[in-house]
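**Student:** upload.txt is the file, holding compact mmCIF, C-alpha atoms:
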```txt
# COMPACT_ATOMS: atom_id res chain seq x y z
CA MET A 1 -14.96 -57.94 -8.80
CA LEU A 2 -17.55 -55.18 -9.00
CA ILE A 3 -20.75 -56.04 -10.82
CA GLU A 4 -23.17 -53.19 -10.08
CA PHE A 5 -23.61 -50.24 -7.75
CA SER A 6 -26.91 -48.43 -7.09
CA VAL A 7 -27.50 -45.17 -5.22
CA GLY A 8 -30.56 -43.01 -4.64
CA ASN A 9 -31.50 -39.90 -2.63
CA TYR A 10 -27.85 -39.10 -1.97
CA ARG A 11 -26.27 -35.73 -2.79
CA SER A 12 -27.20 -35.05 -6.47
CA PHE A 13 -28.93 -38.41 -7.01
CA LYS A 14 -32.66 -37.96 -6.40
CA GLU A 15 -33.99 -41.16 -8.00
CA PRO A 16 -32.06 -44.46 -7.74
CA VAL A 17 -29.52 -44.93 -10.54
CA THR A 18 -27.44 -48.03 -11.31
CA PHE A 19 -23.87 -48.16 -12.56
CA SER A 20 -22.91 -51.52 -14.07
CA MET A 21 -19.68 -53.28 -14.95
CA VAL A 22 -21.62 -56.04 -16.74
CA ALA A 23 -20.66 -56.25 -20.41
CA ALA A 24 -23.58 -55.61 -22.73
CA ASN A 25 -24.32 -57.93 -25.65
CA LEU A 26 -22.92 -55.59 -28.29
CA VAL A 27 -22.48 -56.28 -31.97
CA SER A 28 -19.02 -55.11 -33.00
CA LYS A 29 -16.78 -55.74 -35.99
CA ASP A 30 -13.70 -55.42 -33.76
CA LYS A 31 -13.78 -58.74 -31.90
CA SER A 32 -10.24 -58.33 -30.52
CA LEU A 33 -11.33 -55.19 -28.66
CA ASP A 34 -14.22 -57.07 -27.06
CA GLU A 35 -11.87 -59.80 -25.80
CA ASN A 36 -9.31 -57.38 -24.43
CA ASN A 37 -11.73 -55.15 -22.55
CA THR A 38 -13.85 -57.84 -20.89
CA PHE A 39 -13.42 -61.05 -18.94
CA GLU A 40 -15.80 -63.95 -18.56
CA ILE A 41 -17.06 -65.20 -15.19
CA ASP A 42 -19.31 -67.88 -16.65
CA LYS A 43 -21.51 -68.35 -19.71
CA HIS A 44 -24.08 -65.97 -18.24
CA LEU A 45 -21.83 -63.18 -16.94
CA LYS A 46 -19.06 -61.15 -18.58
CA LEU A 47 -17.57 -58.09 -16.83
CA LEU A 48 -15.74 -54.99 -18.04
CA LYS A 49 -12.15 -54.20 -17.10
CA THR A 50 -12.45 -50.42 -17.45
CA THR A 51 -15.13 -47.75 -17.59
CA ALA A 52 -14.95 -43.99 -18.10
CA ILE A 53 -17.58 -41.60 -16.73
CA TYR A 54 -18.04 -38.26 -18.49
CA GLY A 55 -20.16 -35.24 -17.67
CA ALA A 56 -20.14 -31.49 -17.28
CA ASN A 57 -18.75 -29.84 -14.15
CA ALA A 58 -21.18 -30.24 -11.24
CA SER A 59 -23.10 -32.96 -13.11
CA GLY A 60 -22.61 -35.57 -10.38
CA LYS A 61 -19.56 -37.59 -11.49
CA SER A 62 -17.73 -37.07 -8.21
CA ASN A 63 -20.89 -37.82 -6.24
CA LEU A 64 -20.85 -41.38 -7.58
CA ALA A 65 -17.36 -41.85 -6.12
CA LYS A 66 -18.44 -40.17 -2.87
CA ALA A 67 -21.46 -42.46 -2.61
CA LEU A 68 -19.22 -45.52 -2.92
CA ARG A 69 -16.75 -44.06 -0.45
CA PHE A 70 -19.52 -43.44 2.09
CA MET A 71 -20.94 -46.94 1.59
CA LYS A 72 -17.53 -48.55 2.07
CA TRP A 73 -16.77 -46.49 5.18
CA PHE A 74 -20.16 -47.18 6.77
CA MET A 75 -19.94 -50.92 6.04
CA VAL A 76 -16.50 -51.23 7.60
CA ASN A 77 -16.79 -48.74 10.48
CA SER A 78 -20.40 -48.19 11.59
CA SER A 79 -20.17 -50.66 14.48
CA LYS A 80 -16.86 -49.40 15.89
CA GLU A 81 -16.38 -45.75 14.85
CA THR A 82 -19.80 -44.43 15.92
CA GLN A 83 -21.68 -44.05 19.20
CA SER A 84 -25.37 -44.66 19.79
CA THR A 85 -26.09 -40.91 19.78
CA ASP A 86 -24.11 -40.10 16.59
CA GLU A 87 -25.87 -39.04 13.43
CA ILE A 88 -25.19 -41.02 10.26
CA GLU A 89 -23.12 -38.81 7.95
CA VAL A 90 -25.28 -39.29 4.89
CA GLU A 91 -26.37 -36.33 2.77
CA PRO A 92 -29.76 -36.77 1.05
CA PHE A 93 -30.86 -34.94 -2.09
CA ARG A 94 -31.84 -31.44 -0.92
CA LEU A 95 -33.49 -29.83 -3.96
CA SER A 96 -36.87 -31.54 -3.75
CA THR A 97 -39.63 -31.66 -1.15
CA GLU A 98 -40.29 -35.26 -2.26
CA THR A 99 -37.05 -36.53 -0.72
CA GLU A 100 -37.34 -34.73 2.62
CA GLY A 101 -37.24 -37.29 5.40
CA LYS A 102 -36.82 -40.17 2.93
CA PRO A 103 -33.92 -42.63 3.33
CA SER A 104 -30.86 -42.76 1.09
CA HIS A 105 -30.35 -46.02 -0.80
CA PHE A 106 -27.10 -47.92 -1.45
CA GLU A 107 -26.59 -51.37 -3.00
CA LEU A 108 -23.49 -53.20 -4.19
CA ALA A 109 -23.28 -56.42 -6.22
CA PHE A 110 -19.87 -58.08 -6.29
CA LEU A 111 -18.04 -61.36 -6.75
CA MET A 112 -16.14 -62.82 -3.81
CA ASP A 113 -14.58 -66.28 -3.68
CA GLY A 114 -16.32 -67.15 -6.94
CA ARG A 115 -19.80 -66.30 -5.64
CA LYS A 116 -22.07 -63.37 -6.37
CA TYR A 117 -23.22 -61.26 -3.40
CA ARG A 118 -25.76 -58.43 -3.32
CA TYR A 119 -25.68 -56.21 -0.25
CA GLY A 120 -27.46 -52.95 0.44
CA PHE A 121 -29.06 -50.65 2.98
CA GLN A 122 -31.30 -47.62 3.36
CA VAL A 123 -30.45 -44.99 5.96
CA THR A 124 -31.50 -41.59 7.19
CA GLN A 125 -29.27 -39.37 9.30
CA GLU A 126 -30.98 -40.82 12.39
CA ARG A 127 -31.03 -44.59 11.74
CA VAL A 128 -30.79 -47.62 9.48
CA ILE A 129 -34.20 -48.18 7.87
CA SER A 130 -33.50 -51.45 6.07
CA GLU A 131 -30.58 -53.72 5.21
CA TRP A 132 -30.19 -56.91 3.18
CA LEU A 133 -27.65 -59.48 2.05
CA PHE A 134 -28.17 -62.13 -0.66
CA TYR A 135 -25.79 -64.53 -2.39
CA VAL A 136 -25.85 -67.17 -5.11
CA PRO A 137 -24.51 -70.44 -3.68
CA LYS A 138 -25.22 -72.39 -6.88
CA VAL A 139 -27.83 -71.10 -9.34
CA ARG A 140 -30.55 -69.24 -7.45
CA GLU A 141 -30.12 -66.11 -5.32
CA THR A 142 -30.58 -66.92 -1.61
CA ASN A 143 -31.30 -64.67 1.35
CA LEU A 144 -28.66 -64.46 4.11
CA PHE A 145 -30.37 -61.77 6.17
CA GLU A 146 -32.99 -59.04 5.90
CA ARG A 147 -33.62 -56.12 8.23
CA GLN A 148 -36.52 -53.74 8.63
CA LEU A 149 -35.77 -51.15 11.33
CA ASP A 150 -34.87 -53.25 14.42
CA SER A 151 -36.34 -56.49 13.11
CA ILE A 152 -33.56 -58.67 11.67
CA LYS A 153 -34.17 -62.13 10.20
CA THR A 154 -31.18 -64.32 9.39
CA SER A 155 -30.70 -67.64 7.62
CA LYS A 156 -29.02 -70.62 9.26
CA VAL A 157 -26.09 -70.24 6.86
CA TYR A 158 -25.30 -66.75 8.19
CA LYS A 159 -24.79 -68.05 11.79
CA ALA A 160 -25.40 -64.78 13.64
CA ASP A 161 -27.74 -65.78 16.49
CA GLY A 162 -27.71 -63.19 19.26
CA VAL A 163 -26.04 -60.48 17.18
CA GLN A 164 -29.41 -58.92 16.35
CA GLN A 165 -29.85 -57.70 19.93
CA ARG A 166 -26.40 -56.10 19.90
CA THR A 167 -27.07 -54.00 16.77
CA ARG A 168 -27.72 -50.29 17.34
CA SER A 169 -30.25 -48.43 15.23
CA ASN A 170 -27.45 -46.30 13.68
CA ALA A 171 -25.11 -49.22 12.90
CA LEU A 172 -25.20 -51.83 10.15
CA PHE A 173 -25.96 -55.43 11.08
CA LEU A 174 -23.24 -56.58 8.67
CA SER A 175 -20.68 -54.43 10.48
CA VAL A 176 -21.78 -55.64 13.92
CA SER A 177 -21.76 -59.25 12.69
CA ALA A 178 -18.13 -58.92 11.68
CA GLN A 179 -17.31 -57.54 15.14
CA PHE A 180 -18.76 -60.73 16.61
CA ASN A 181 -16.80 -63.00 14.28
CA VAL A 182 -19.57 -64.01 11.87
CA ASP A 183 -17.47 -65.59 9.13
CA ILE A 184 -19.39 -64.37 6.07
CA ALA A 185 -19.53 -60.80 7.41
CA GLU A 186 -15.81 -60.82 8.25
CA ARG A 187 -14.88 -62.02 4.76
CA ILE A 188 -17.13 -59.46 3.05
CA LEU A 189 -15.76 -56.51 5.03
CA GLU A 190 -12.17 -57.67 4.57
CA TYR A 191 -12.83 -58.00 0.83
CA ILE A 192 -14.41 -54.54 0.55
CA ALA A 193 -11.68 -52.92 2.67
CA ASP A 194 -8.86 -54.50 0.66
CA LYS A 195 -10.23 -54.76 -2.87
CA LEU A 196 -12.38 -51.63 -3.32
CA ASN A 197 -10.16 -48.55 -3.45
CA ILE A 198 -11.50 -45.06 -4.13
CA ILE A 199 -9.11 -42.16 -4.59
CA SER A 200 -9.18 -38.55 -5.78
CA GLY A 201 -7.04 -37.36 -8.65
CA LEU A 202 -6.84 -33.91 -7.05
CA HIS A 203 -5.73 -34.79 -3.52
CA ASP A 204 -2.93 -37.32 -3.72
CA GLU A 205 -1.41 -37.13 -0.21
CA VAL A 206 -2.95 -40.41 1.00
CA TYR A 207 -2.07 -42.58 -1.98
CA ARG A 208 1.33 -40.93 -2.33
CA ASN A 209 2.03 -42.24 1.17
CA TYR A 210 0.80 -45.64 0.02
CA THR A 211 3.32 -45.63 -2.85
CA ILE A 212 6.06 -44.61 -0.41
CA SER A 213 5.03 -47.46 1.91
CA CYS A 214 5.25 -49.93 -0.99
CA LEU A 215 8.77 -48.74 -1.82
CA ILE A 216 9.92 -48.87 1.81
CA ASN A 217 8.48 -52.35 2.37
CA ASN A 218 9.66 -53.62 -1.03
CA LYS A 219 6.07 -54.37 -2.12
CA ASN A 220 6.04 -54.33 -5.92
CA LYS A 221 8.97 -51.90 -5.73
CA ALA A 222 10.61 -52.94 -9.03
CA ASP A 223 7.31 -52.70 -10.92
CA ILE A 224 6.46 -49.29 -9.44
CA VAL A 225 9.87 -47.86 -10.38
CA GLN A 226 9.68 -49.40 -13.86
CA PHE A 227 6.17 -47.98 -14.38
CA VAL A 228 7.32 -44.44 -13.55
CA LYS A 229 10.46 -44.75 -15.68
CA LYS A 230 8.51 -45.95 -18.74
CA LEU A 231 6.30 -42.83 -18.87
CA ASP A 232 8.98 -40.56 -20.39
CA LEU A 233 9.39 -38.29 -17.37
CA GLY A 234 13.19 -38.32 -17.63
CA ILE A 235 13.46 -40.38 -14.44
CA SER A 236 16.17 -43.02 -14.19
CA ASP A 237 15.55 -44.20 -10.61
CA ILE A 238 13.65 -43.52 -7.38
CA GLN A 239 15.07 -43.72 -3.87
CA VAL A 240 13.26 -43.50 -0.56
CA GLU A 241 15.40 -42.06 2.21
CA GLN A 242 14.48 -42.11 5.88
CA GLU A 243 16.26 -40.29 8.68
CA ASP A 244 15.64 -40.43 12.39
CA PHE A 245 14.61 -37.13 13.90
CA THR A 246 13.84 -35.83 17.36
CA ASP A 247 12.07 -32.76 18.69
CA GLU A 248 15.45 -30.97 18.67
CA SER A 249 15.60 -31.27 14.87
CA LEU A 250 12.26 -29.47 14.46
CA PRO A 251 12.01 -25.65 14.46
CA ASP A 252 12.45 -24.07 17.91
CA GLU A 253 9.35 -21.90 17.48
CA MET A 254 7.14 -24.98 16.98
CA PRO A 255 5.04 -25.82 20.09
CA ASP A 256 6.16 -28.93 22.00
CA VAL A 257 2.73 -30.51 21.67
CA LEU A 258 2.88 -30.22 17.87
CA LYS A 259 6.43 -31.60 17.83
CA LYS A 260 5.29 -34.70 19.71
CA LEU A 261 2.37 -35.20 17.35
CA ILE A 262 4.64 -34.94 14.29
CA ILE A 263 7.16 -37.37 15.74
CA LYS A 264 4.42 -39.82 16.68
CA ALA A 265 2.77 -39.61 13.25
CA GLY A 266 6.11 -40.09 11.49
CA ARG A 267 7.20 -42.78 13.96
CA GLY A 268 10.40 -40.90 14.57
CA LYS A 269 11.50 -40.87 10.92
CA ALA A 270 11.55 -38.18 8.24
CA THR A 271 10.97 -39.52 4.72
CA SER A 272 12.16 -37.95 1.48
CA ILE A 273 11.84 -39.18 -2.10
CA GLY A 274 14.90 -38.85 -4.32
CA ILE A 275 14.29 -38.73 -8.06
CA SER A 276 17.34 -39.49 -10.22
CA HIS A 277 17.88 -37.85 -13.62
CA GLN A 278 20.76 -38.41 -16.02
CA LYS A 279 23.31 -35.59 -16.44
CA PHE A 280 24.96 -35.05 -19.86
CA ASP A 281 28.02 -33.19 -21.13
CA ALA A 282 28.21 -30.79 -24.09
CA ASP A 283 28.49 -33.71 -26.52
CA GLY A 284 25.30 -35.34 -25.23
CA LYS A 285 27.15 -38.12 -23.42
CA HIS A 286 25.85 -39.39 -20.12
CA LYS A 287 28.28 -38.34 -17.37
CA SER A 288 26.54 -38.76 -14.03
CA ILE A 289 23.29 -38.90 -12.07
CA GLU A 290 21.68 -35.82 -10.58
CA LYS A 291 19.26 -36.36 -7.71
CA PHE A 292 16.20 -34.16 -7.11
CA ASP A 293 13.70 -34.05 -4.28
CA LEU A 294 10.22 -35.09 -5.44
CA GLU A 295 8.38 -32.51 -3.36
CA SER A 296 10.63 -29.54 -4.06
CA HIS A 297 11.83 -30.03 -7.63
CA GLU A 298 9.44 -32.19 -9.64
CA SER A 299 6.35 -31.05 -11.54
CA GLU A 300 2.80 -31.55 -10.29
CA GLY A 301 2.26 -34.09 -13.06
CA THR A 302 5.29 -36.13 -11.98
CA LYS A 303 4.09 -36.03 -8.36
CA LYS A 304 0.72 -37.39 -9.44
CA VAL A 305 2.26 -40.18 -11.54
CA PHE A 306 4.40 -41.16 -8.55
CA ALA A 307 1.39 -41.10 -6.23
CA LEU A 308 -0.74 -43.20 -8.61
CA ALA A 309 2.01 -45.74 -9.25
CA GLY A 310 1.50 -47.69 -6.02
CA PRO A 311 -2.30 -48.07 -6.22
CA LEU A 312 -2.20 -48.82 -9.96
CA ILE A 313 0.47 -51.52 -9.78
CA CYS A 314 -1.02 -53.13 -6.66
CA ALA A 315 -4.50 -53.16 -8.25
CA LEU A 316 -3.11 -54.95 -11.31
CA LYS A 317 -1.13 -57.42 -9.19
CA GLU A 318 -3.95 -58.21 -6.74
CA GLY A 319 -6.97 -57.98 -9.06
CA GLU A 320 -8.46 -55.02 -7.18
CA ILE A 321 -11.16 -52.47 -8.06
CA LEU A 322 -9.69 -48.98 -8.42
CA ILE A 323 -11.97 -45.93 -8.70
CA ILE A 324 -10.27 -42.62 -9.53
CA ASP A 325 -12.14 -39.32 -9.46
CA GLU A 326 -10.68 -36.49 -11.59
CA PHE A 327 -8.47 -39.06 -13.31
CA ASP A 328 -7.09 -36.70 -15.95
CA ALA A 329 -6.12 -33.86 -13.58
CA ARG A 330 -2.41 -33.06 -14.08
CA LEU A 331 -1.93 -36.03 -16.44
CA HIS A 332 -0.99 -35.81 -20.11
CA PRO A 333 -3.64 -37.52 -22.31
CA LEU A 334 -1.08 -40.08 -23.51
CA ILE A 335 -0.29 -41.08 -19.93
CA SER A 336 -4.01 -41.47 -19.19
CA LEU A 337 -4.30 -43.63 -22.30
CA ALA A 338 -1.31 -45.76 -21.28
CA ILE A 339 -2.91 -46.47 -17.90
CA VAL A 340 -6.23 -47.45 -19.51
CA LYS A 341 -4.40 -49.78 -21.91
CA LEU A 342 -2.66 -51.46 -18.96
CA PHE A 343 -6.00 -52.44 -17.46
CA ASN A 344 -7.48 -53.48 -20.82
CA SER A 345 -4.46 -55.65 -21.59
CA GLN A 346 -4.67 -59.40 -21.12
CA GLU A 347 -0.92 -59.57 -20.45
CA ALA A 348 -0.62 -56.64 -18.00
CA ASN A 349 -3.91 -57.42 -16.23
CA PRO A 350 -4.07 -61.22 -15.84
CA ASN A 351 -5.99 -60.98 -12.53
CA ASN A 352 -8.82 -58.92 -14.05
CA ALA A 353 -8.41 -55.76 -12.00
CA GLN A 354 -11.07 -53.14 -12.75
CA LEU A 355 -10.49 -49.42 -13.32
CA ILE A 356 -13.37 -46.95 -13.06
CA PHE A 357 -12.61 -43.28 -13.53
CA MET A 358 -14.32 -39.90 -13.82
CA THR A 359 -12.81 -37.65 -16.48
CA HIS A 360 -13.14 -34.78 -18.95
CA ASP A 361 -10.44 -36.19 -21.27
CA THR A 362 -12.28 -36.63 -24.58
CA ASN A 363 -9.12 -38.04 -26.22
CA LEU A 364 -10.14 -41.35 -24.66
CA LEU A 365 -13.60 -41.25 -26.25
CA SER A 366 -12.75 -43.62 -29.09
CA ASN A 367 -14.12 -46.92 -30.34
CA LYS A 368 -10.49 -47.99 -30.69
CA ILE A 369 -10.12 -47.79 -26.91
CA PHE A 370 -13.57 -48.46 -25.44
CA ARG A 371 -16.68 -50.44 -26.18
CA ARG A 372 -19.91 -48.44 -25.93
CA ASP A 373 -20.82 -50.09 -22.62
CA GLN A 374 -17.56 -48.84 -21.11
CA ILE A 375 -18.56 -45.20 -21.53
CA TRP A 376 -20.99 -43.62 -19.05
CA PHE A 377 -22.40 -40.13 -18.69
CA THR A 378 -23.79 -38.01 -15.87
CA GLU A 379 -26.19 -35.18 -16.61
CA LYS A 380 -28.24 -32.93 -14.34
CA ASN A 381 -31.81 -32.13 -15.22
CA ARG A 382 -33.44 -28.72 -14.73
CA TYR A 383 -34.28 -29.65 -11.13
CA GLY A 384 -30.65 -30.37 -10.14
CA ALA A 385 -30.92 -34.18 -10.08
CA THR A 386 -28.30 -36.39 -11.74
CA ASP A 387 -29.10 -38.99 -14.36
CA LEU A 388 -26.56 -41.74 -15.08
CA TYR A 389 -26.59 -43.61 -18.38
CA SER A 390 -24.37 -45.60 -20.73
CA LEU A 391 -23.42 -45.04 -24.37
CA ALA A 392 -24.68 -48.62 -24.93
CA GLU A 393 -28.19 -47.17 -24.70
CA TYR A 394 -27.62 -45.33 -28.00
CA LYS A 395 -27.87 -46.89 -31.44
CA ILE A 396 -24.85 -45.62 -33.33
CA ARG A 397 -22.68 -46.76 -36.22
CA ASN A 398 -19.63 -48.91 -35.56
CA ASP A 399 -17.42 -46.23 -37.15
CA ALA A 400 -19.00 -43.31 -35.25
CA SER A 401 -16.65 -40.80 -33.65
CA PHE A 402 -17.54 -40.94 -29.96
CA GLU A 403 -15.50 -37.82 -29.20
CA SER A 404 -16.91 -35.66 -31.99
CA ASP A 405 -20.50 -36.70 -31.31
CA TYR A 406 -20.08 -36.08 -27.59
CA ILE A 407 -18.69 -32.57 -28.10
CA LYS A 408 -21.60 -31.84 -30.46
CA GLY A 409 -23.99 -32.75 -27.65
CA ARG A 410 -25.50 -35.87 -29.22
CA TYR A 411 -25.18 -37.82 -25.97
CA GLY A 412 -25.90 -34.93 -23.61
CA ALA A 413 -23.71 -34.63 -20.50
CA ILE A 414 -21.95 -31.43 -21.67
CA PRO A 415 -22.19 -27.88 -20.31
CA TYR A 416 -24.53 -25.54 -22.19
CA ILE A 417 -22.80 -22.19 -21.82
CA GLY A 418 -24.62 -18.91 -22.23
CA ASN A 419 -23.40 -15.93 -24.26
CA LEU A 420 -20.44 -14.45 -22.38
CA ASN A 421 -19.59 -11.76 -24.95
CA TYR A 422 -21.33 -8.95 -23.03
CA LEU A 423 -20.43 -10.17 -19.55
CA ILE A 424 -18.04 -7.32 -18.74
CA GLU A 425 -20.19 -4.59 -20.30
CA SER A 426 -23.26 -5.71 -18.35
CA ASN A 427 -21.41 -5.10 -15.11
CA VAL A 428 -19.97 -1.67 -15.98
```
Taking this structure as input, can you express it in the form of structure tokens?

**Tutor:**
Amino acid sequence: MLIEFSVGNYRSFKEPVTFSMVAANLVSKDKSLDENNTFEIDKHLKLLKTTAIYGANASGKSNLAKALRFMKWFMVNSSKETQSTDEIEVEPFRLSTETEGKPSHFELAFLMDGRKYRYGFQVTQERVISEWLFYVPKVRETNLFERQLDSIKTSKVYKADGVQQRTRSNALFLSVSAQFNVDIAERILEYIADKLNIISGLHDEVYRNYTISCLINNKNKADIVQFVKKLDLGISDIQVEQEDFTDESLPDEMPDVLKKLIIKAGRGKATSIGISHQKFDADGKHKSIEKFDLESHESEGTKKVFALAGPLICALKEGEILIIDEFDARLHPLISLAIVKLFNSQEANPNNAQLIFMTHDTNLLSNKIFRRDQIWFTEKNRYGATDLYSLAEYKIRNDASFESDYIKGRYGAIPYIGNLNYLIESNV
């Protein structure tokens, strides 16, 4: 489970900011909402199931997802996907002379196997500046390793003697440790790779393929189909069809090299998704089933629901962390609400999966759906730097309209649009 994530000097984040899934000690008259939207780890720690992040366009919402995506990729791949001469693909804040040459900061606190871990690093485009890993074996936080430039000190528990000398300046010690079978490092990277999933609501090709893979391999197939059918899209069934194809079945004008690449990527099979709809006669009686191709005949909204179905159902089944940027793109507000309710539900989410999403959908800004600590905002200051803050920081009435107050600008994080009335005349 995700506890906290901190980032600084990365893209629009100049100063370090911290996003938290820790439930605040709120006073609320609606106790049932508190129980549904949180889950208890122990008497000292309660976590949120869902959070929504709001902000104007270009305020930095997507950069939070990109920061997590970069951190995950670098943790898992820095020891095997990079060479000693490669630059680290980190983008520091560029609108201030104060941050020039300074390292970018990333830190993640999470629960794995019932224990809390806190891992982080600071990097420039040239090298790793510092790196650290702590955990809580019982009550007190304990150091597993700390790194300053090329000096790495490890605890006996970490069991990584000799790995220090094998760690390049542009690779993470945690990543190298996993390559050399250090148990704790292997388990952490496997956990992050499997449990932390970050996707874009605009570009659904990757997770659409994941949904297709689930259907082909019969992984949560019945639940995925049922989820899509329940969302009132007029769909009665979904079929995945695969056909063998060769280079002769591809267009003659296509270069042979490209044909081979396509065949290799598709493993010799062409996949199509059949969407079944009921067909009725003039009296409104069901007569037959009409099959449509997902790609050619269905709406963009239906395509997105299909693509999201696999990651959503698997997250709920496996207790994963799912982060969706541009969550509301191409989704009806009621479908967005239905997905949020799934994760907030004790029955549908028994494994305490967590959903974090960036959105502009103010229909969800309601105290009937979210606690105040589940709502976050991003706002850029006059110098182009992003601030990140929670609605829990505001003192507001229990019956306050979150949506109305947000639109009125009481929480910030909205666009302040100039007078456009004379825009055309000024350019004549």

**Student:** Measure the distance from CA of Asp387 in chain A to CA of Lys195 in chain A in Å and round it to one decimal.

**Tutor:**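 Distance reported for this atom pair: 27.1 Å.
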
**Student:** Quote the spacing between CA of Leu316 in chain A and CA of Phe227 in chain A in Å to one decimal place.

**Tutor:** 12.0 Å

**Student:** If we count only C-alpha atoms and set the cut-off at 7 Å, which residues sit around Ala309 in chain A, ignoring sequence neighbours fewer than 5 positions away in its own chain? Please answer as JSON, numbers by chain.

**Tutor:** {"A": [211, 224, 227, 228]}

**Student:** For Val123 in chain A, which of A:Val157, A:Ile238, A:Leu196, A:Met71 is the closest residue, counting all atoms listed in the file?

**Tutor:**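 Distance minimum relative to Val123 in chain A lands on A:Met71.
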
**Student:** Which is closest to Gln346 in chain A among A:Asn421, A:Ser104, A:Gln226, A:Asn37, if we use only C-alpha atoms?

**Tutor:**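 Using only C-alpha atoms, the shortest distance to Gln346 in chain A belongs to A:Asn37.
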
**Student:** Ranking A:Thr359, A:Ala353, A:Leu308, A:Leu231 by minimum distance to Ala329 in chain A and counting only C-alpha atoms, which one comes first?

**Tutor:**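 Closest residue, counting only C-alpha atoms: A:Thr359.
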
**Student:** When distances are computed from all atoms listed in the file, which of A:Ser236, A:Thr362, A:Ser130, A:Asn349 shows the smallest separation from Gln278 in chain A?

**Tutor:**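 For Gln278 in chain A, the nearest of the given residues is A:Ser236.
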
**Student:** With only C-alpha atoms as the counted atoms, please give the residues lying no more than 12 Å from Ile407 in chain A, apart from itself and same-chain residues fewer than 2 positions off, as a list in words.

**Tutor:**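 Close residues of Ile407 in chain A: Tyr54, Gly55, Ala56, His360, Asp361, Thr362, Asn363, Leu365, Ser401, Phe402, Glu403, Ser404, Asp405, Gly409, Arg410, Tyr411, Gly412, Ala413, Ile414, Pro415 and Tyr416 of chain A.
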
**Student:** Name the residues within 8 Å of (11.5, -48.2, 4.3), counting all atoms listed in the file in the file's coordinates, and put them as JSON, numbers by chain.

**Tutor:** {"A": [213, 215, 216, 217, 218, 240, 241, 242]}
